[in-house]
file input_21.cif (mmCIF, C-alpha atoms and all ligand atoms)
data_input
#
loop_
_atom_site.label_atom_id
_atom_site.label_comp_id
_atom_site.auth_asym_id
_atom_site.auth_seq_id
_atom_site.Cartn_x
_atom_site.Cartn_y
_atom_site.Cartn_z
CA MET A 1 -241.50 -74.05 -73.06
CA THR A 2 -242.78 -74.01 -76.65
CA GLN A 3 -245.23 -76.66 -77.82
CA LEU A 4 -243.93 -79.61 -79.81
CA PRO A 5 -245.13 -79.72 -83.44
CA LEU A 6 -248.19 -81.94 -83.93
CA ARG A 7 -246.30 -84.81 -85.52
CA ALA A 8 -243.81 -84.87 -82.65
CA GLN A 9 -246.64 -84.73 -80.11
CA LEU A 10 -248.27 -87.75 -81.74
CA ALA A 11 -245.00 -89.66 -82.00
CA SER A 12 -244.24 -88.95 -78.38
CA ALA A 13 -247.74 -89.99 -77.22
CA LEU A 14 -247.74 -93.20 -79.27
CA GLY A 15 -244.29 -94.01 -77.97
CA ARG A 16 -245.58 -93.70 -74.43
CA THR A 17 -248.53 -95.99 -75.26
CA ALA A 18 -246.14 -98.61 -76.64
CA ALA A 19 -244.06 -98.30 -73.48
CA THR A 20 -247.11 -98.86 -71.29
CA LEU A 21 -248.15 -101.89 -73.34
CA SER A 22 -244.66 -103.29 -73.11
CA ARG A 23 -244.71 -102.88 -69.33
CA VAL A 24 -248.13 -104.42 -68.77
CA THR A 25 -247.28 -107.40 -70.96
CA GLY A 26 -244.13 -107.92 -68.90
CA ARG A 27 -241.65 -107.25 -71.68
CA GLY A 28 -239.41 -104.95 -69.70
CA ASP A 29 -239.61 -101.42 -68.39
CA GLY A 30 -240.76 -100.22 -71.80
CA SER A 31 -238.41 -97.26 -72.11
CA VAL A 32 -236.61 -98.51 -75.21
CA ILE A 33 -239.60 -99.77 -77.21
CA GLY A 34 -241.49 -96.54 -76.52
CA GLY A 35 -238.59 -94.46 -77.79
CA ARG A 36 -238.17 -96.67 -80.86
CA VAL A 37 -241.81 -96.28 -81.83
CA GLY A 38 -241.52 -92.53 -81.37
CA LEU A 39 -238.36 -92.28 -83.50
CA VAL A 40 -239.87 -94.31 -86.35
CA LEU A 41 -242.86 -91.97 -86.47
CA GLU A 42 -240.79 -88.81 -86.14
CA PRO A 43 -237.02 -89.17 -86.73
CA ASP A 44 -236.49 -85.61 -85.53
CA LEU A 45 -238.16 -86.32 -82.18
CA LEU A 46 -235.04 -86.31 -80.02
CA ARG A 47 -233.98 -82.87 -81.27
CA GLN A 48 -237.44 -81.46 -80.69
CA LEU A 49 -237.71 -82.93 -77.20
CA ALA A 50 -234.26 -81.61 -76.25
CA ARG A 51 -234.94 -78.08 -77.44
CA ASP A 52 -235.61 -75.41 -74.80
CA ARG A 53 -234.05 -77.40 -71.99
CA LYS A 54 -230.77 -77.17 -70.17
CA LEU A 55 -229.28 -80.53 -71.12
CA ALA A 56 -226.28 -82.44 -69.79
CA LEU A 57 -224.90 -85.62 -71.41
CA VAL A 58 -222.83 -88.08 -69.37
CA SER A 59 -220.48 -90.58 -70.99
CA ALA A 60 -217.71 -92.93 -69.84
CA THR A 61 -216.87 -96.61 -69.76
CA ASN A 62 -217.72 -96.83 -66.06
CA GLY A 63 -219.86 -94.82 -63.66
CA LYS A 64 -222.17 -93.13 -66.14
CA THR A 65 -225.41 -94.44 -64.63
CA THR A 66 -224.34 -93.42 -61.15
CA THR A 67 -223.08 -89.99 -62.20
CA THR A 68 -226.25 -89.35 -64.22
CA ARG A 69 -228.22 -90.14 -61.09
CA LEU A 70 -226.06 -87.86 -58.91
CA ILE A 71 -226.37 -84.92 -61.33
CA THR A 72 -230.13 -85.48 -61.56
CA SER A 73 -230.41 -85.52 -57.80
CA ALA A 74 -228.45 -82.25 -57.56
CA LEU A 75 -230.46 -80.45 -60.27
CA LEU A 76 -233.75 -81.28 -58.57
CA GLU A 77 -232.71 -78.42 -56.33
CA LEU A 78 -233.42 -76.12 -59.30
CA GLY A 79 -236.50 -77.74 -60.81
CA GLU A 80 -237.82 -80.81 -62.58
CA VAL A 81 -235.32 -83.05 -64.37
CA ALA A 82 -235.91 -85.57 -67.16
CA SER A 83 -233.42 -88.46 -67.07
CA ASN A 84 -232.92 -92.01 -68.35
CA ALA A 85 -232.51 -93.35 -64.84
CA PHE A 86 -232.41 -97.01 -65.82
CA GLY A 87 -229.49 -96.97 -68.16
CA ALA A 88 -231.32 -97.07 -71.54
CA ASN A 89 -228.48 -94.99 -72.95
CA MET A 90 -229.05 -94.91 -76.71
CA PRO A 91 -231.30 -92.48 -78.64
CA ALA A 92 -234.50 -94.51 -78.15
CA GLY A 93 -233.93 -94.40 -74.40
CA HIS A 94 -233.27 -90.66 -74.58
CA VAL A 95 -236.51 -90.03 -76.47
CA SER A 96 -238.37 -92.05 -73.92
CA ALA A 97 -236.79 -90.21 -70.97
CA LEU A 98 -237.51 -86.76 -72.39
CA SER A 99 -241.08 -87.67 -73.50
CA GLN A 100 -241.93 -88.85 -70.04
CA ASN A 101 -241.16 -85.46 -68.60
CA LYS A 102 -241.86 -82.94 -71.33
CA THR A 103 -242.11 -79.88 -69.12
CA ALA A 104 -238.91 -80.44 -67.13
CA PRO A 105 -236.57 -77.49 -67.73
CA TYR A 106 -233.52 -79.77 -67.17
CA GLY A 107 -232.43 -83.00 -68.80
CA VAL A 108 -229.58 -85.33 -67.77
CA LEU A 109 -228.89 -88.17 -70.17
CA GLU A 110 -226.51 -91.08 -69.80
CA VAL A 111 -225.09 -91.70 -73.27
CA ASP A 112 -223.34 -94.79 -74.61
CA GLU A 113 -219.77 -93.77 -75.56
CA LYS A 114 -220.29 -94.68 -79.21
CA TYR A 115 -223.49 -92.68 -79.51
CA LEU A 116 -222.11 -89.52 -77.92
CA PRO A 117 -221.25 -87.72 -81.23
CA GLU A 118 -224.69 -88.44 -82.68
CA VAL A 119 -226.60 -87.47 -79.54
CA LEU A 120 -224.55 -84.30 -79.07
CA ASP A 121 -225.15 -83.37 -82.67
CA THR A 122 -228.89 -83.98 -82.39
CA THR A 123 -229.52 -82.36 -79.03
CA GLY A 124 -226.89 -79.59 -79.00
CA ALA A 125 -226.49 -80.26 -75.26
CA ASP A 126 -225.16 -77.41 -73.11
CA VAL A 127 -222.88 -79.58 -70.98
CA VAL A 128 -221.04 -82.85 -71.64
CA CYS A 129 -219.45 -84.82 -68.80
CA LEU A 130 -216.63 -87.24 -69.75
CA MET A 131 -215.13 -89.43 -67.04
CA ASN A 132 -213.04 -92.41 -68.17
CA LEU A 133 -212.35 -94.66 -71.11
CA SER A 134 -211.06 -98.19 -70.77
CA ARG A 135 -211.45 -101.53 -72.48
CA ASP A 136 -214.56 -103.56 -71.89
CA GLN A 137 -215.70 -106.89 -73.30
CA MET A 138 -216.28 -105.44 -76.75
CA ASP A 139 -213.77 -102.63 -77.03
CA ARG A 140 -210.02 -103.10 -76.85
CA ALA A 141 -207.39 -100.38 -76.60
CA ALA A 142 -207.33 -99.47 -80.30
CA GLU A 143 -211.11 -99.12 -80.36
CA ILE A 144 -211.27 -96.78 -77.40
CA TRP A 145 -208.64 -94.58 -79.06
CA LEU A 146 -210.92 -94.37 -82.13
CA LEU A 147 -213.81 -93.53 -79.82
CA ALA A 148 -211.85 -90.64 -78.28
CA GLN A 149 -211.03 -89.42 -81.76
CA LYS A 150 -214.75 -89.34 -82.61
CA TRP A 151 -215.38 -87.33 -79.43
CA ARG A 152 -212.75 -84.83 -80.57
CA ARG A 153 -214.45 -84.33 -83.91
CA ALA A 154 -217.90 -84.07 -82.34
CA LEU A 155 -216.80 -81.46 -79.77
CA SER A 156 -214.75 -79.33 -82.11
CA GLY A 157 -216.35 -76.02 -83.10
CA ARG A 158 -219.24 -76.24 -80.62
CA PRO A 159 -220.16 -73.95 -77.74
CA THR A 160 -220.65 -77.01 -75.47
CA HIS A 161 -219.12 -76.75 -72.00
CA VAL A 162 -217.21 -79.97 -71.33
CA ILE A 163 -216.48 -81.30 -67.84
CA ALA A 164 -213.70 -83.87 -68.17
CA ASN A 165 -211.51 -86.05 -65.97
CA CYS A 166 -207.95 -84.87 -66.68
CA ASP A 167 -206.41 -87.83 -64.80
CA ASP A 168 -207.42 -90.02 -67.74
CA PRO A 169 -205.12 -89.19 -70.67
CA LEU A 170 -207.48 -90.56 -73.30
CA VAL A 171 -210.45 -88.61 -71.93
CA THR A 172 -208.28 -85.48 -71.82
CA TRP A 173 -207.33 -85.99 -75.45
CA GLY A 174 -210.96 -86.67 -76.41
CA ALA A 175 -212.16 -83.50 -74.65
CA SER A 176 -209.39 -81.11 -75.63
CA THR A 177 -210.89 -79.88 -78.90
CA ALA A 178 -213.85 -78.37 -77.01
CA ALA A 179 -214.09 -74.60 -76.75
CA GLN A 180 -214.60 -74.64 -72.99
CA VAL A 181 -213.36 -77.39 -70.69
CA THR A 182 -213.51 -77.60 -66.91
CA TRP A 183 -210.88 -80.13 -65.84
CA VAL A 184 -211.55 -82.39 -62.89
CA SER A 185 -208.89 -84.46 -61.16
CA GLY A 186 -211.07 -87.47 -60.42
CA GLY A 187 -208.35 -90.14 -60.30
CA GLN A 188 -207.84 -93.17 -62.52
CA ARG A 189 -207.79 -96.66 -61.08
CA TRP A 190 -207.33 -98.60 -64.31
CA LYS A 191 -204.17 -97.45 -66.08
CA GLU A 192 -203.57 -100.44 -68.36
CA ASP A 193 -205.09 -98.68 -71.36
CA SER A 194 -203.14 -95.46 -71.04
CA TRP A 195 -199.41 -96.04 -71.14
CA CYS A 196 -199.16 -94.50 -74.60
CA CYS A 197 -199.69 -90.90 -75.61
CA PRO A 198 -202.95 -90.66 -77.58
CA GLU A 199 -201.50 -87.75 -79.57
CA CYS A 200 -198.21 -89.25 -80.82
CA GLY A 201 -198.01 -92.84 -79.52
CA GLY A 202 -194.97 -92.04 -77.38
CA PRO A 203 -194.60 -93.32 -73.80
CA LEU A 204 -196.48 -91.47 -71.05
CA GLU A 205 -194.57 -90.54 -67.93
CA ARG A 206 -196.78 -90.91 -64.83
CA LYS A 207 -196.47 -89.79 -61.26
CA ASP A 208 -199.52 -90.22 -59.01
CA ASN A 209 -202.33 -88.59 -60.96
CA ASP A 210 -200.01 -86.46 -63.07
CA TRP A 211 -198.87 -87.53 -66.52
CA ALA A 212 -197.07 -86.13 -69.55
CA CYS A 213 -195.82 -87.44 -72.87
CA ARG A 214 -192.04 -87.89 -73.11
CA GLU A 215 -192.01 -87.20 -76.83
CA CYS A 216 -194.51 -84.41 -77.48
CA THR A 217 -196.10 -81.54 -75.57
CA PHE A 218 -199.26 -83.41 -74.62
CA HIS A 219 -199.62 -83.32 -70.82
CA ARG A 220 -202.18 -83.29 -68.06
CA PRO A 221 -203.98 -79.94 -67.85
CA GLU A 222 -204.13 -78.13 -64.51
CA PRO A 223 -207.35 -79.30 -62.81
CA HIS A 224 -210.02 -76.84 -61.66
CA TRP A 225 -211.63 -79.36 -59.28
CA VAL A 226 -209.59 -81.88 -57.30
CA LEU A 227 -210.80 -84.98 -55.52
CA ASP A 228 -208.64 -85.23 -52.41
CA ASP A 229 -209.42 -88.46 -50.55
CA ASP A 230 -212.85 -87.87 -48.97
CA ALA A 231 -213.07 -84.20 -49.94
CA VAL A 232 -213.18 -82.00 -52.99
CA VAL A 233 -211.30 -78.77 -53.57
CA ASP A 234 -213.40 -76.46 -55.76
CA PRO A 235 -212.04 -73.98 -58.36
CA ARG A 236 -211.82 -71.25 -55.69
CA GLY A 237 -209.68 -73.44 -53.46
CA GLN A 238 -212.43 -74.14 -50.98
CA ARG A 239 -212.45 -77.65 -49.51
CA TRP A 240 -215.70 -79.60 -49.02
CA VAL A 241 -215.95 -82.95 -47.24
CA LEU A 242 -218.06 -85.10 -49.55
CA ASP A 243 -219.63 -87.42 -46.99
CA ILE A 244 -221.77 -89.20 -49.60
CA GLN A 245 -223.50 -92.50 -48.87
CA LEU A 246 -222.43 -94.33 -52.03
CA PRO A 247 -219.30 -96.32 -51.17
CA GLY A 248 -215.78 -96.26 -52.60
CA LEU A 249 -213.33 -93.99 -54.34
CA ALA A 250 -214.98 -94.37 -57.77
CA ASN A 251 -218.21 -92.90 -56.38
CA ARG A 252 -216.39 -89.99 -54.75
CA SER A 253 -214.93 -89.31 -58.17
CA ASN A 254 -218.42 -89.52 -59.71
CA ALA A 255 -219.64 -87.06 -57.07
CA VAL A 256 -216.94 -84.52 -57.93
CA MET A 257 -217.83 -84.77 -61.62
CA ALA A 258 -221.47 -84.20 -60.65
CA LEU A 259 -220.59 -81.10 -58.60
CA ALA A 260 -218.66 -79.64 -61.53
CA VAL A 261 -221.58 -80.28 -63.89
CA ALA A 262 -223.99 -78.75 -61.38
CA GLU A 263 -221.85 -75.62 -61.16
CA ALA A 264 -221.73 -75.39 -64.96
CA LEU A 265 -225.55 -75.26 -64.79
CA ASP A 266 -225.41 -72.51 -62.13
CA LEU A 267 -226.00 -74.70 -59.10
CA PRO A 268 -223.38 -73.95 -56.41
CA VAL A 269 -221.65 -76.66 -54.32
CA GLN A 270 -223.40 -75.74 -51.09
CA ARG A 271 -226.78 -76.48 -52.68
CA ALA A 272 -225.72 -79.47 -54.80
CA LEU A 273 -223.76 -81.45 -52.21
CA PRO A 274 -226.62 -82.14 -49.75
CA ARG A 275 -228.60 -83.56 -52.70
CA LEU A 276 -225.76 -85.94 -53.61
CA ARG A 277 -225.73 -87.22 -50.04
CA GLU A 278 -229.36 -88.36 -50.40
CA VAL A 279 -228.46 -90.98 -53.03
CA THR A 280 -228.00 -94.41 -51.41
CA SER A 281 -228.26 -96.81 -54.35
CA VAL A 282 -228.51 -96.58 -58.12
CA ALA A 283 -230.65 -99.06 -60.09
CA GLY A 284 -229.92 -101.79 -57.55
CA ARG A 285 -226.21 -101.04 -57.19
CA TYR A 286 -224.98 -100.91 -53.58
CA THR A 287 -228.37 -102.16 -52.38
CA THR A 288 -228.37 -104.73 -49.60
CA VAL A 289 -230.81 -107.62 -50.01
CA GLU A 290 -231.64 -109.99 -47.18
CA ARG A 291 -232.54 -113.65 -46.95
CA GLU A 292 -232.58 -115.85 -43.85
CA GLY A 293 -230.23 -113.67 -41.89
CA ARG A 294 -227.74 -113.09 -44.71
CA GLN A 295 -227.36 -109.49 -45.87
CA ALA A 296 -225.88 -109.36 -49.34
CA ARG A 297 -224.63 -106.07 -50.75
CA LEU A 298 -224.86 -105.97 -54.56
CA LEU A 299 -221.98 -104.54 -56.60
CA LEU A 300 -222.10 -104.38 -60.38
CA SER A 301 -218.97 -104.81 -62.43
CA LYS A 302 -219.04 -104.98 -66.20
CA ASN A 303 -215.38 -104.80 -67.27
CA PRO A 304 -211.83 -104.95 -65.89
CA ALA A 305 -211.83 -101.37 -64.58
CA GLY A 306 -215.21 -102.06 -62.95
CA TRP A 307 -213.78 -105.06 -61.08
CA LEU A 308 -211.05 -102.88 -59.56
CA GLU A 309 -213.69 -100.38 -58.41
CA ALA A 310 -215.77 -103.18 -56.89
CA PHE A 311 -212.70 -104.60 -55.07
CA ASP A 312 -212.13 -101.14 -53.64
CA VAL A 313 -215.69 -101.07 -52.24
CA ALA A 314 -215.83 -104.70 -51.03
CA ASP A 315 -215.07 -105.20 -47.35
CA PRO A 316 -211.91 -107.38 -47.00
CA ALA A 317 -213.24 -108.79 -43.73
CA LEU A 318 -216.32 -110.29 -45.40
CA PRO A 319 -216.91 -113.33 -47.61
CA ILE A 320 -217.53 -112.53 -51.24
CA ILE A 321 -219.75 -114.06 -53.94
CA LEU A 322 -218.70 -113.57 -57.59
CA SER A 323 -221.21 -114.21 -60.36
CA VAL A 324 -220.35 -114.11 -64.06
CA ASN A 325 -222.55 -114.64 -67.12
CA ALA A 326 -221.73 -114.23 -70.80
CA GLN A 327 -225.04 -113.29 -72.40
CA GLY A 328 -225.34 -110.54 -75.05
CA PRO A 329 -225.00 -107.47 -72.80
CA ASP A 330 -222.08 -109.07 -70.89
CA GLY A 331 -220.11 -109.93 -74.03
CA ARG A 332 -220.03 -113.61 -75.03
CA ASP A 333 -216.29 -113.85 -74.69
CA THR A 334 -215.00 -114.08 -71.11
CA SER A 335 -211.31 -113.66 -71.97
CA TRP A 336 -211.42 -110.24 -70.24
CA LEU A 337 -211.44 -112.11 -66.92
CA TRP A 338 -207.72 -112.62 -67.55
CA ASP A 339 -207.12 -108.84 -67.51
CA VAL A 340 -208.15 -108.59 -63.86
CA ASP A 341 -205.80 -109.26 -60.97
CA TYR A 342 -207.84 -111.36 -58.51
CA ARG A 343 -205.03 -111.92 -56.00
CA ILE A 344 -206.51 -109.23 -53.76
CA LEU A 345 -209.19 -111.82 -52.86
CA ARG A 346 -206.68 -114.22 -51.30
CA GLY A 347 -207.47 -114.89 -47.67
CA ARG A 348 -211.20 -114.25 -47.82
CA PRO A 349 -213.92 -116.86 -48.38
CA VAL A 350 -214.75 -116.69 -52.12
CA PHE A 351 -217.85 -118.24 -53.70
CA VAL A 352 -218.18 -118.49 -57.47
CA THR A 353 -221.45 -118.77 -59.37
CA GLY A 354 -223.17 -117.64 -62.58
CA GLU A 355 -223.49 -119.31 -65.97
CA ARG A 356 -219.78 -118.93 -66.68
CA ARG A 357 -218.58 -119.87 -63.20
CA LEU A 358 -216.14 -122.40 -64.64
CA ASP A 359 -214.35 -119.69 -66.65
CA LEU A 360 -213.96 -117.61 -63.52
CA ALA A 361 -212.98 -120.68 -61.50
CA LEU A 362 -210.12 -121.41 -63.90
CA ARG A 363 -208.97 -117.80 -63.65
CA LEU A 364 -208.99 -117.94 -59.82
CA GLU A 365 -207.22 -121.29 -59.83
CA VAL A 366 -204.36 -119.80 -61.85
CA ALA A 367 -204.24 -116.74 -59.56
CA ASP A 368 -204.02 -119.08 -56.57
CA VAL A 369 -207.22 -117.81 -54.97
CA PRO A 370 -209.12 -120.59 -53.12
CA PHE A 371 -212.87 -120.64 -53.84
CA GLN A 372 -216.02 -122.71 -53.63
CA LEU A 373 -218.19 -123.36 -56.71
CA CYS A 374 -221.97 -122.98 -56.35
CA ALA A 375 -224.59 -123.91 -58.96
CA THR A 376 -226.80 -120.91 -58.21
CA PHE A 377 -226.70 -117.60 -56.39
CA SER A 378 -229.21 -118.96 -53.84
CA GLU A 379 -226.87 -121.86 -53.10
CA ALA A 380 -223.94 -119.45 -52.68
CA LEU A 381 -225.96 -117.27 -50.31
CA ALA A 382 -227.15 -120.27 -48.30
CA ALA A 383 -223.52 -121.36 -47.92
CA GLN A 384 -222.74 -118.18 -45.94
CA PRO A 385 -222.89 -117.91 -42.19
CA PRO A 386 -225.63 -115.44 -41.13
CA GLY A 387 -224.38 -111.86 -41.48
CA ARG A 388 -223.02 -109.66 -44.22
CA VAL A 389 -221.56 -110.71 -47.55
CA ASP A 390 -220.49 -108.76 -50.63
CA VAL A 391 -221.61 -109.77 -54.12
CA ILE A 392 -219.88 -108.74 -57.35
CA ALA A 393 -221.77 -109.63 -60.52
CA ASN A 394 -221.52 -108.68 -64.16
CA TYR A 395 -224.47 -107.23 -66.03
CA THR A 396 -226.99 -110.02 -66.62
CA ALA A 397 -225.87 -111.91 -63.51
CA PHE A 398 -226.59 -108.74 -61.52
CA GLN A 399 -230.03 -108.34 -63.11
CA GLN A 400 -230.88 -111.99 -62.35
CA ILE A 401 -230.02 -111.52 -58.69
CA ARG A 402 -231.98 -108.27 -58.59
CA SER A 403 -235.11 -109.86 -60.04
CA GLU A 404 -234.83 -112.77 -57.62
CA PHE A 405 -235.26 -110.16 -54.90
CA GLY A 406 -238.12 -108.32 -56.65
CA ARG A 407 -236.05 -105.79 -58.64
CA ALA A 408 -234.24 -104.46 -55.61
CA VAL A 409 -233.59 -100.73 -55.94
ZN ZN B 1 -197.07 -87.52 -77.27
#
call {"tool": "encode", "arguments": {"input": "input_21.cif", "output": "structure tokens"}}
result
Amino acid sequence: MTQLPLRAQLASALGRTAATLSRVTGRGDGSVIGGRVGLVLEPDLLRQLARDRKLALVSATNGKTTTTRLITSALLELGEVASNAFGANMPAGHVSALSQNKTAPYGVLEVDEKYLPEVLDTTGADVVCLMNLSRDQMDRAAEIWLLAQKWRRALSGRPTHVIANCDDPLVTWGASTAAQVTWVSGGQRWKEDSWCCPECGGPLERKDNDWACRECTFHRPEPHWVLDDDAVVDPRGQRWVLDIQLPGLANRSNAVMALAVAEALDLPVQRALPRLREVTSVAGRYTTVEREGRQARLLLSKNPAGWLEAFDVADPALPIILSVNAQGPDGRDTSWLWDVDYRILRGRPVFVTGERRLDLALRLEVADVPFQLCATFSEALAAQPPGRVDVIANYTAFQQIRSEFGRAV
């Protein structure tokens, strides 16, 4: 690997110092401040740090942290990998991740959907993995269509190899200007944002995972990789049982995306898959924490599609604690709670907590789901009989619970 120019070396080193200071003074994990300092000193730092590596970018509304982790785990089979493992997914976080591992021949970066064009342009990444697009607290349907349009422009005319989920019409549209696309049938749980053709606005006809526009020629491309229940069928028609430890259909879909990315970087399934099976939790997600005989499994859910994925993972035989906040990263407006169908929770003991528990309580009341209100997570946990319980929390609520248990990983 060639040496960084002197200015970039200095910027990178000072950024790392700032990150260390930030950590020791307890201001966070330091990855963002370090990258910011580096970028101020050398605006070209990200491009220089990305050069000479095999780089994959991962973007989606949901599952990007987990998929980034799965791809990283797979590529460790080939050598060192630099990655923003803790979800700092804007350029400052990318600078920090790449500076911390300057000699790694591989990089896997989770990228915020809005920053994807800029980061692709700066880094010239070899592979881009696109999984799903749906509304979250900030972005409604019209905004995600604009986002997909920006992806189209960014991908057009580049040699980048795109790995994209063809079961999501908007992702398919966003990816389809790329010169080379490997299509993955990874499923789509949340369909509420894709009843209209992104190309012409006409109605989409859907049958299982297949879809086509009734008014123009836009249709689902033939997938190269297919998620089939607990297995994947690769482009040669060979079937592999996934057998990963991360729970739920959404994670099996993430795993198939990861296998396709690995293959695009010359790592075959038989070597990648055992590495995916080693991943048991991702930045606290799916971790079980324990207190006084209660084992609580932590599920993160940041938007309507994320709630459906969490419901799929949650065990219907267990009680469930729901915790909702509305701080900056969660979105201040909780009206998105009304997009989610909570009736699936009927019949199990439901406990509601978090700073915006009353908003969620009203939503459950209307959906006719009985629940118990608790002032704090500790109170909700103490209200459980000894044994297992599932917890679904949105972003800052999740982080609060994690730190209460010493930043559970
Ligand atoms: Zn159409």
call {"tool": "residues_near_ligand", "arguments": {"input": "input_21.cif", "ligand": "ligand ZN 1 (chain B)", "cutoff": "6 Å", "atoms": "all atoms listed in the file", "output": "PyMOL selection string"}}
result
chain A and resi 197+199-202+213+215-216+218
call {"tool": "residues_around", "arguments": {"input": "input_21.cif", "residues": "Asn325 (chain A)", "least_positions_apart": "2", "cutoff": "9 Å", "atoms": "all atoms listed in the file", "output": "PyMOL selection string"}}
result
chain A and resi 323+327+330-332+334+353-357+393-397
call {"tool": "atom_distance", "arguments": {"input": "input_21.cif", "atom1": "CA of Arg206 (chain A)", "atom2": "CA of Pro316 (chain A)"}}
result
28.6 Å
call {"tool": "atom_distance", "arguments": {"input": "input_21.cif", "atom1": "CA of Asn254 (chain A)", "atom2": "CA of Thr67 (chain A)"}}
result
5.3 Å
call {"tool": "residues_around", "arguments": {"input": "input_21.cif", "residues": "Thr160 (chain A)", "least_positions_apart": "6", "cutoff": "8 Å", "atoms": "only C-alpha atoms", "output": "list in words"}}
result
Gly124, Ala125, Asp126, Val127, Val128, Ala178, Ala179 and Gln180 of chain A
call {"tool": "write_last_selection", "arguments": {"input": "input_21.cif", "atoms": "C-alpha atoms", "output": "PDB file, keeping the file's coordinate frame"}}
result
ATOM      1  CA  GLY A 124    -226.890 -79.590 -79.000  1.00  0.00           C
ATOM      2  CA  ALA A 125    -226.490 -80.260 -75.260  1.00  0.00           C
ATOM      3  CA  ASP A 126    -225.160 -77.410 -73.110  1.00  0.00           C
ATOM      4  CA  VAL A 127    -222.880 -79.580 -70.980  1.00  0.00           C
ATOM      5  CA  VAL A 128    -221.040 -82.850 -71.640  1.00  0.00           C
ATOM      6  CA  ALA A 178    -213.850 -78.370 -77.010  1.00  0.00           C
ATOM      7  CA  ALA A 179    -214.090 -74.600 -76.750  1.00  0.00           C
ATOM      8  CA  GLN A 180    -214.600 -74.640 -72.990  1.00  0.00           C
TER       9      GLN A 180
END
call {"tool": "atom_distance", "arguments": {"input": "input_21.cif", "atom1": "CA of Pro221 (chain A)", "atom2": "CA of Arg153 (chain A)"}}
result
19.7 Å
call {"tool": "residues_around", "arguments": {"input": "input_21.cif", "residues": "Ala296 (chain A)", "least_positions_apart": "4", "cutoff": "8 Å", "atoms": "all atoms listed in the file", "output": "list in words"}}
result
Thr288, Val289, Glu290, Leu381, Arg388, Val389, Asp390 and Val391 of chain A
call {"tool": "closest_residue", "arguments": {"input": "input_21.cif", "among": "A:Thr177, A:Pro370, A:Arg220, A:Glu42", "to": "Lys207 (chain A)", "atoms": "all atoms listed in the file"}}
result
A:Arg220
call {"tool": "closest_residue", "arguments": {"input": "input_21.cif", "among": "A:Val119, A:Ile244, A:Leu298, A:Val261", "to": "His94 (chain A)", "atoms": "all atoms listed in the file"}}
result
A:Val119
